[in-house]
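A short worksheet on the structure shown next.
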Amino acid sequence: MNNEAKIAYFSMEIGLSNDIPTYSGGLGVLAGDTIKSGADLKVPLVAVTLLSKKGYFRQDIDSDGRQIEYAVDWDPSKFMVCLPKKVVIQIEGRNVYIQAWCYKVKSVTGGKVDVFYLDTDVEENVTEDREITAVLYGGDMHYRLKQEIVLGIGGVRILHTLGLHIKKYHMNEGHASLLTLELLLMHKRDVESVWDERWIWDIEKVKGLCVFTTHTPIEAGHDRFSYDLVKKVLGEFVPLELLKRLGGEHYLNMTHLALNLSKYVNGVAKKHGEVSKSLFPGYEINAITNGVHSFTWVCESFKQLYDKYIPGWANEPELFVRSENIPDEELWEAHLCAKCDLVDYVKKTAGVEISPDVLTIGFARRFTSYKRADLIFSNLERFLKISKKGTFQIIYAGKAHPKDTPGKEIVKRIIDLTKKINDKIKIIFLKNYNMEMALRLVSGVDVWLNTPLRPREASGTSGMKAAHNGIINFSVLDGWWIEGHMEGITGWSIGPKPLESSLISVNDITDAEDLYDKLENIIIPMYYKDRSQWIKIMKNSIGKIAYYFNTHSMMRRYVTEAYIR
Ligand SMILES: *Cc1c(COP(=O)(O)O)cnc(C)c1O
């Protein structure tokens with residue numbers, strides 16, 4: 001058996017393919033893309049996540065625009081192998097058995113990464129415990145804590161049982177932080193007489209083993225549990241005094257726990273690194289900007305184009321820097337091909353006929369308030385007036401978390417609008433956003449819109465996918481776009497430049513007005529009257545964005561800056 005020391009990548013959600021519905025959004029897709037680049041680059045990596053046997057949810061929308069959620073029924077045995085070894089952990093004093101399914105990510109380069117999906121749906125467990133790994137982000141805090149115990153503590157035990165030698169544990173967000181406690185126990189100093197209780201805990205050793213990536217730029221976004229709940233569910237796994245010292249005095253804050261037990265910590269874009277430093281003063285926080293897996297996020301017609309003009313691009317995305325080599329006509333033809341595919345797809349799935357000759361704007365991501373999906377409708381009168389200058393259409397998609405009432409209201413608002421103004425501007429909402437639909441959208445529209453409330457977009461990645469297909473970004477300057485944006489060269493910004501002390505929220509009106517101004521005076525005229533300038537920006541999206549914002553580049557940075565330190 002190959003027992004080379006490995007990096008263990010822990011993530012609550014992983015999105016590797018559309019058939020394995022164990023992701024909810026950007027965090028999971030990033031994890032999947034990271035693993036694929038790890039395999040391509042032959043990084044010694046394994047990954048751990050939950051099986052999420054009922055997925056996140058399948059989205060339907062009723063005639064009133066209300067989101068309806070259905071459990072996803074999928075069969076892991078079609079894609080992965082159930083390993084015979086089980087581990088046991090304690091939850092509420094009960095033994096809970098965990099099995100793992102192994103999915104092998106295999107790269108054409110010969111690299112391989114094993115992904116372990118943890119599953120508590122085994123005979124030995126009582127009914128309640130069999131449900132722990134059923135629904136991604138389902139249930140209440142009690143359910144969430146049980147899931148995080150399985151992921152963190154169960155995950156380390158599974159790797160141990162498999163005889164893997166792990167040299168770094170990488171926590172992708174704080175959900176897996178409890179793994180640090182299992183490591184503290186594993187590396188407890190064995191001493192006869194303890195003169196100081198603290199001395200038996202080898203905190204420095206555990207820190208040396210852990211890497212933590214934070215993804216949330218606001219305090220309220222970080223998981224925290226009351227100590228009453230922790231005591232009830234986890235028991236006194238490590239002494240409470242120690243846990244409070246590491247995880248927070250009043251609540252067990254998963255981010256604090258990870259921060260205190262990781263030697264290397266990073267945010268997911270330069271700006272997010274800065275924001276994280278102000279959220280967590282006293283910690284050294286680095287920044288490694290996210291990326292996307294190039295081969296996964298390039299549509300078929302562009303794959304052919306790149307194979308012809310930029311051979312080797314898939315495993316060396318730096319080569320996109322030569323995007324100027326692609327002839328204009330062929331680039332446009334490949335784009336039209338992707339656009340017509342999307343037009344067909346919209347017809348088939350939504351029953352709406354749209355034209356490939358019309359400027360098409362895409363907006364798809366999780367529906368949650370800060371993403372402001374409805375910003376473009378702030379001033380409906382102005383919005384409708386602009387369309388008289390040159391017509392455009394908008395395609396939306398996205399799920400709101402089942403408990404996110406404001407997010408669901410935005411879905412409803414957009415559905416209502418589609419009915420109200422459809423005779424003037426076509427607005428289409430596609431149900432049940434997923435990775436397959438994402439690829440169609442990020443390659444088939446003309447403009448990719450993103451309007452988050454600063455500084456809430458830690459990074460964002462869908463705009464990088466768009467750039468990989470020559471789609472032009474039109475976005476608020478937040479997250480990765482602060483780094484990728486050159487006004488009028490790689491795309492367009494919305495609203496003011498980011499402020500130094502970035503925690504001030506910006507006026508919706510200011511942002512909307514700027515959006516309208518640029519749409520009316522720059523984007524619509526250029527699309528219809530200056531195609532060659534438009535194509536130049538498309539090429540810049542490939543040559544100045546995709547060449548850098550990919551998980552190959554990102555992975556190389558994790559290796560040199562976090563893993564081998
Ligand atoms: C890429 C992706 C996301 C992330 O989108 P952002 O705009 O970065 O939030 C979410 N969901 C799916 C299905 C994706 O493919």
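Letters A, B, ... mark the chains of the structure tokens in the order given; residue numbers begin at 1 per chain; ligand numbers begin at 1, in order shown.
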**Request:** Just list the residues in segment 45-164 of chain A DSSP gives alpha helix (DSSP H) on the backbone, as a count of residues only.
**Result:** 20
**Message:** Using DSSP secondary structure from the backbone, list all strand (DSSP E or B) positions within segment 151-202 of chain A, as a PyMOL selection string.
**Reply:** chain A and resi 166-172
Using only C-alpha atoms, which protein or nucleic acid residues come within 7 Å of Lys412 of chain A? Drop anything in the same chain fewer than 4 positions from it, and give the result as a JSON list (two decimals) with N, CA and C atoms, in the first residue's frame.
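Below is the file that was written, selection-v7.json:
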```json
[["chain", "number", "residue", "atom", "x", "y", "z"],
["A", 65, "GLY", "N", -44.85, 31.49, -6.95],
["A", 65, "GLY", "CA", -43.46, 31.89, -6.76],
["A", 65, "GLY", "C", -42.86, 31.41, -5.45],
["A", 66, "ARG", "N", -43.54, 30.48, -4.80],
["A", 66, "ARG", "CA", -43.00, 29.96, -3.55],
["A", 66, "ARG", "C", -42.11, 28.76, -3.80],
["A", 408, "LYS", "N", -36.04, 33.50, 0.23],
["A", 408, "LYS", "CA", -37.19, 32.98, -0.52],
["A", 408, "LYS", "C", -38.06, 34.10, -1.06],
["A", 416, "ASP", "N", -42.51, 36.87, -9.60],
["A", 416, "ASP", "CA", -43.65, 37.78, -9.84],
["A", 416, "ASP", "C", -43.33, 38.75, -10.97]]
```
**Nearby residues, ligand 1, 10 Å, only C-alpha atoms and all ligand atoms, as a VMD selection string** = chain A and resid 15 to 18 21 23 to 30 33 290 to 292 297 363 to 368 371 397 to 399 432 to 439 441 to 442 448 to 452 457 to 466 479 to 480
**Prompt:** Using only C-alpha atoms, which residues sit within 8 Å of segment 154-163 of chain A once same-chain residues fewer than 2 positions away are excluded, as a list in words?
**Reply:**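 Here the answer would be Val48, Thr49, Lys85, Lys86, Val87, Val88, Ile89, Ile98, Ala100, Leu118, Ile149, Val150, Leu151, Gly152, His165, Leu179, Glu182 and Leu183 of chain A.
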**One-decimal distance in Å that lies between atom CA of Trp534 of chain A and atom CA of Trp492 of chain A** =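 Between these atoms lies a distance of 11.9 Å.
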Near Gly235 of chain A, within 12 Å and counting only C-alpha atoms, which residues show up once chain neighbours fewer than 2 positions away are dropped, as a compact mmCIF listing (two decimals) with N, CA and C atoms, in the first residue's frame?
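The resulting file, result.txt, is shown below:
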```
# COMPACT_ATOMS: atom_id res chain seq x y z
N ILE A 89 -18.04 6.64 17.39
CA ILE A 89 -17.87 7.84 18.19
C ILE A 89 -19.01 7.89 19.21
N GLN A 90 -18.91 8.81 20.15
CA GLN A 90 -19.97 8.91 21.16
C GLN A 90 -20.75 10.20 20.96
N ILE A 91 -22.08 10.02 20.86
CA ILE A 91 -22.95 11.20 20.79
C ILE A 91 -24.05 11.01 21.83
N GLU A 92 -24.22 11.97 22.71
CA GLU A 92 -25.19 11.89 23.80
C GLU A 92 -25.03 10.58 24.58
N GLY A 93 -23.80 10.14 24.71
CA GLY A 93 -23.53 8.93 25.46
C GLY A 93 -23.78 7.65 24.68
N ARG A 94 -24.32 7.75 23.48
CA ARG A 94 -24.55 6.55 22.67
C ARG A 94 -23.37 6.30 21.75
N LYS A 146 -24.24 17.52 15.77
CA LYS A 146 -24.00 16.09 15.56
C LYS A 146 -23.28 15.85 14.23
N ILE A 149 -19.67 16.73 14.62
CA ILE A 149 -18.93 15.73 15.39
C ILE A 149 -18.56 14.56 14.48
N TYR A 227 -22.54 26.02 25.31
CA TYR A 227 -21.83 24.95 26.02
C TYR A 227 -22.79 23.95 26.64
N ASP A 228 -24.03 24.36 26.90
CA ASP A 228 -25.02 23.39 27.39
C ASP A 228 -25.26 22.31 26.33
N LEU A 229 -25.41 22.79 25.10
CA LEU A 229 -25.63 21.84 24.00
C LEU A 229 -24.39 20.96 23.80
N VAL A 230 -23.24 21.58 23.85
CA VAL A 230 -21.99 20.83 23.64
C VAL A 230 -21.86 19.74 24.71
N LYS A 231 -22.16 20.11 25.95
CA LYS A 231 -22.04 19.15 27.04
C LYS A 231 -23.00 17.98 26.85
N LYS A 232 -24.19 18.31 26.42
CA LYS A 232 -25.24 17.30 26.22
C LYS A 232 -24.86 16.35 25.07
N VAL A 233 -24.36 16.89 23.99
CA VAL A 233 -24.17 16.09 22.78
C VAL A 233 -22.78 15.44 22.73
N PHE A 237 -15.54 15.81 26.16
CA PHE A 237 -14.60 15.17 25.23
C PHE A 237 -13.17 15.57 25.58
N VAL A 238 -12.98 16.87 25.78
CA VAL A 238 -11.75 17.39 26.41
C VAL A 238 -12.26 18.24 27.58
N PRO A 239 -11.41 18.52 28.58
CA PRO A 239 -11.92 19.30 29.73
C PRO A 239 -12.53 20.62 29.28
N LEU A 240 -13.65 20.97 29.90
CA LEU A 240 -14.39 22.17 29.50
C LEU A 240 -13.52 23.43 29.59
N LEU A 243 -11.52 23.59 26.52
CA LEU A 243 -12.36 23.89 25.35
C LEU A 243 -12.73 25.38 25.31
```
**Message:** For a test of reading the model, state the distance in Å between atom CA of Gly495 of chain A and atom CA of Arg372 of chain A, rounded to one decimal.
**Reply:**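 Separation between atom CA of Gly495 of chain A and atom CA of Arg372 of chain A: 13.5 Å.
Proximity to Lys431 of chain A was assessed for A:Ile68, A:Ala5, A:Val108, A:Met12 counting only C-alpha atoms; the smallest distance is recorded for A:Ile68.
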**Asked** Quick one: distance from atom CA of Pro406 of chain A to atom CA of Tyr370 of chain A in Å, one decimal?
**Response**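 Those two atoms sit 10.0 Å apart.
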**Asp190 of chain A surroundings by only C-alpha atoms, 12 Å radius, close-in-sequence under 3 positions cut, as a list of chain:residue names** =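 Neighbouring residues, sequence-local ones excluded: A:Leu185, A:Met186, A:His187, A:Ser193, A:Val194, A:Glu197, A:Trp199, A:Ile200, A:Trp201, A:Asp202.
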Could you turn the residues from that selection into a file that holds all heavy atoms, as a CSV table (one decimal), in the first residue's frame?
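For reference, selection.csv as written:
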```csv
chain,number,residue,atom,x,y,z
A,185,LEU,N,-6.4,14.9,21.5
A,185,LEU,CA,-6.4,13.6,22.3
A,185,LEU,C,-5.3,12.6,21.8
A,185,LEU,O,-4.7,12.0,22.5
A,185,LEU,CB,-7.8,13.0,22.2
A,185,LEU,CG,-8.9,13.6,23.0
A,185,LEU,CD1,-10.2,12.9,22.8
A,185,LEU,CD2,-8.5,13.6,24.5
A,186,MET,N,-5.2,12.6,20.4
A,186,MET,CA,-4.2,11.7,19.8
A,186,MET,C,-2.8,12.0,20.2
A,186,MET,O,-2.0,11.1,20.3
A,186,MET,CB,-4.3,11.8,18.3
A,186,MET,CG,-5.3,10.7,17.7
A,186,MET,SD,-5.6,11.1,15.9
A,186,MET,CE,-4.0,10.9,15.2
A,187,HIS,N,-2.5,13.3,20.4
A,187,HIS,CA,-1.2,13.7,20.7
A,187,HIS,C,-1.0,14.2,22.1
A,187,HIS,O,0.0,14.9,22.4
A,187,HIS,CB,-0.8,14.9,19.7
A,187,HIS,CG,-0.8,14.4,18.3
A,187,HIS,ND1,0.3,13.6,17.8
A,187,HIS,CD2,-1.7,14.5,17.3
A,187,HIS,CE1,0.0,13.3,16.5
A,187,HIS,NE2,-1.2,13.8,16.2
A,193,SER,N,3.3,11.9,36.4
A,193,SER,CA,2.7,12.9,37.3
A,193,SER,C,2.6,14.2,36.6
A,193,SER,O,3.6,14.7,36.1
A,193,SER,CB,3.6,13.0,38.5
A,193,SER,OG,4.9,13.4,38.2
A,194,VAL,N,1.4,14.8,36.6
A,194,VAL,CA,1.2,16.0,35.9
A,194,VAL,C,1.2,17.1,36.9
A,194,VAL,O,0.4,17.2,37.8
A,194,VAL,CB,-0.2,15.9,35.2
A,194,VAL,CG1,-0.4,17.3,34.4
A,194,VAL,CG2,-0.2,14.8,34.2
A,197,GLU,N,-1.9,20.6,34.5
A,197,GLU,CA,-2.8,19.9,33.7
A,197,GLU,C,-2.6,20.4,32.2
A,197,GLU,O,-2.7,19.6,31.3
A,197,GLU,CB,-4.2,20.3,34.1
A,197,GLU,CG,-5.4,19.7,33.3
A,197,GLU,CD,-5.5,18.2,33.4
A,197,GLU,OE1,-5.0,17.6,34.3
A,197,GLU,OE2,-6.1,17.7,32.5
A,199,TRP,N,-0.1,21.1,30.6
A,199,TRP,CA,1.1,20.6,29.9
A,199,TRP,C,0.9,19.3,29.1
A,199,TRP,O,1.6,19.1,28.1
A,199,TRP,CB,2.2,20.3,31.0
A,199,TRP,CG,3.6,20.2,30.3
A,199,TRP,CD1,4.4,21.2,30.0
A,199,TRP,CD2,4.2,19.0,30.0
A,199,TRP,NE1,5.5,20.7,29.4
A,199,TRP,CE2,5.5,19.4,29.4
A,199,TRP,CE3,3.9,17.6,30.1
A,199,TRP,CZ2,6.4,18.4,28.9
A,199,TRP,CZ3,4.8,16.7,29.6
A,199,TRP,CH2,6.0,17.1,29.0
A,200,ILE,N,-0.2,18.6,29.5
A,200,ILE,CA,-0.4,17.3,28.8
A,200,ILE,C,-1.0,17.6,27.4
A,200,ILE,O,-0.9,16.7,26.5
A,200,ILE,CB,-1.3,16.3,29.5
A,200,ILE,CG1,-2.7,16.9,29.7
A,200,ILE,CG2,-0.7,16.0,30.9
A,200,ILE,CD1,-3.7,15.9,30.2
A,201,TRP,N,-1.5,18.8,27.1
A,201,TRP,CA,-2.1,19.1,25.8
A,201,TRP,C,-1.0,19.7,24.9
A,201,TRP,O,-0.5,20.8,25.2
A,201,TRP,CB,-3.3,20.0,25.9
A,201,TRP,CG,-4.3,19.4,26.8
A,201,TRP,CD1,-4.6,19.8,28.1
A,201,TRP,CD2,-5.1,18.3,26.6
A,201,TRP,NE1,-5.6,19.0,28.7
A,201,TRP,CE2,-5.9,18.1,27.7
A,201,TRP,CE3,-5.3,17.5,25.5
A,201,TRP,CZ2,-6.9,17.1,27.8
A,201,TRP,CZ3,-6.3,16.5,25.5
A,201,TRP,CH2,-7.0,16.3,26.7
A,202,ASP,N,-0.7,19.0,23.8
A,202,ASP,CA,0.4,19.5,23.0
A,202,ASP,C,-0.2,20.4,21.9
A,202,ASP,O,-0.3,20.0,20.7
A,202,ASP,CB,1.1,18.3,22.4
A,202,ASP,CG,2.5,18.7,21.8
A,202,ASP,OD1,2.7,19.9,21.7
A,202,ASP,OD2,3.3,17.8,21.6
```
**Item:** Shell of 8 Å around Leu261 of chain A, only C-alpha atoms, local chain residues under 4 positions omitted, as a list of chain:residue names
**Value:**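 Selected residues are A:Thr180, A:Ile203, A:Glu204, A:Val206, A:Lys207, A:Cys210, A:Leu246, A:Leu257.
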**Request:** Tell me which of A:Pro498, A:Gly491, A:Gly208, A:Ile288 sits closest to Leu184 of chain A, counting only C-alpha atoms.
**Result:**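 Nearest to Leu184 of chain A: A:Gly208.
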**Message:** Let me make sure I understand: among A:Leu515, A:Leu417, A:Ala467, A:Val126, which one has the smallest atom-to-atom distance to Ser294 of chain A if we use only C-alpha atoms?
**Reply:**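 Closest residue, counting only C-alpha atoms: A:Ala467.
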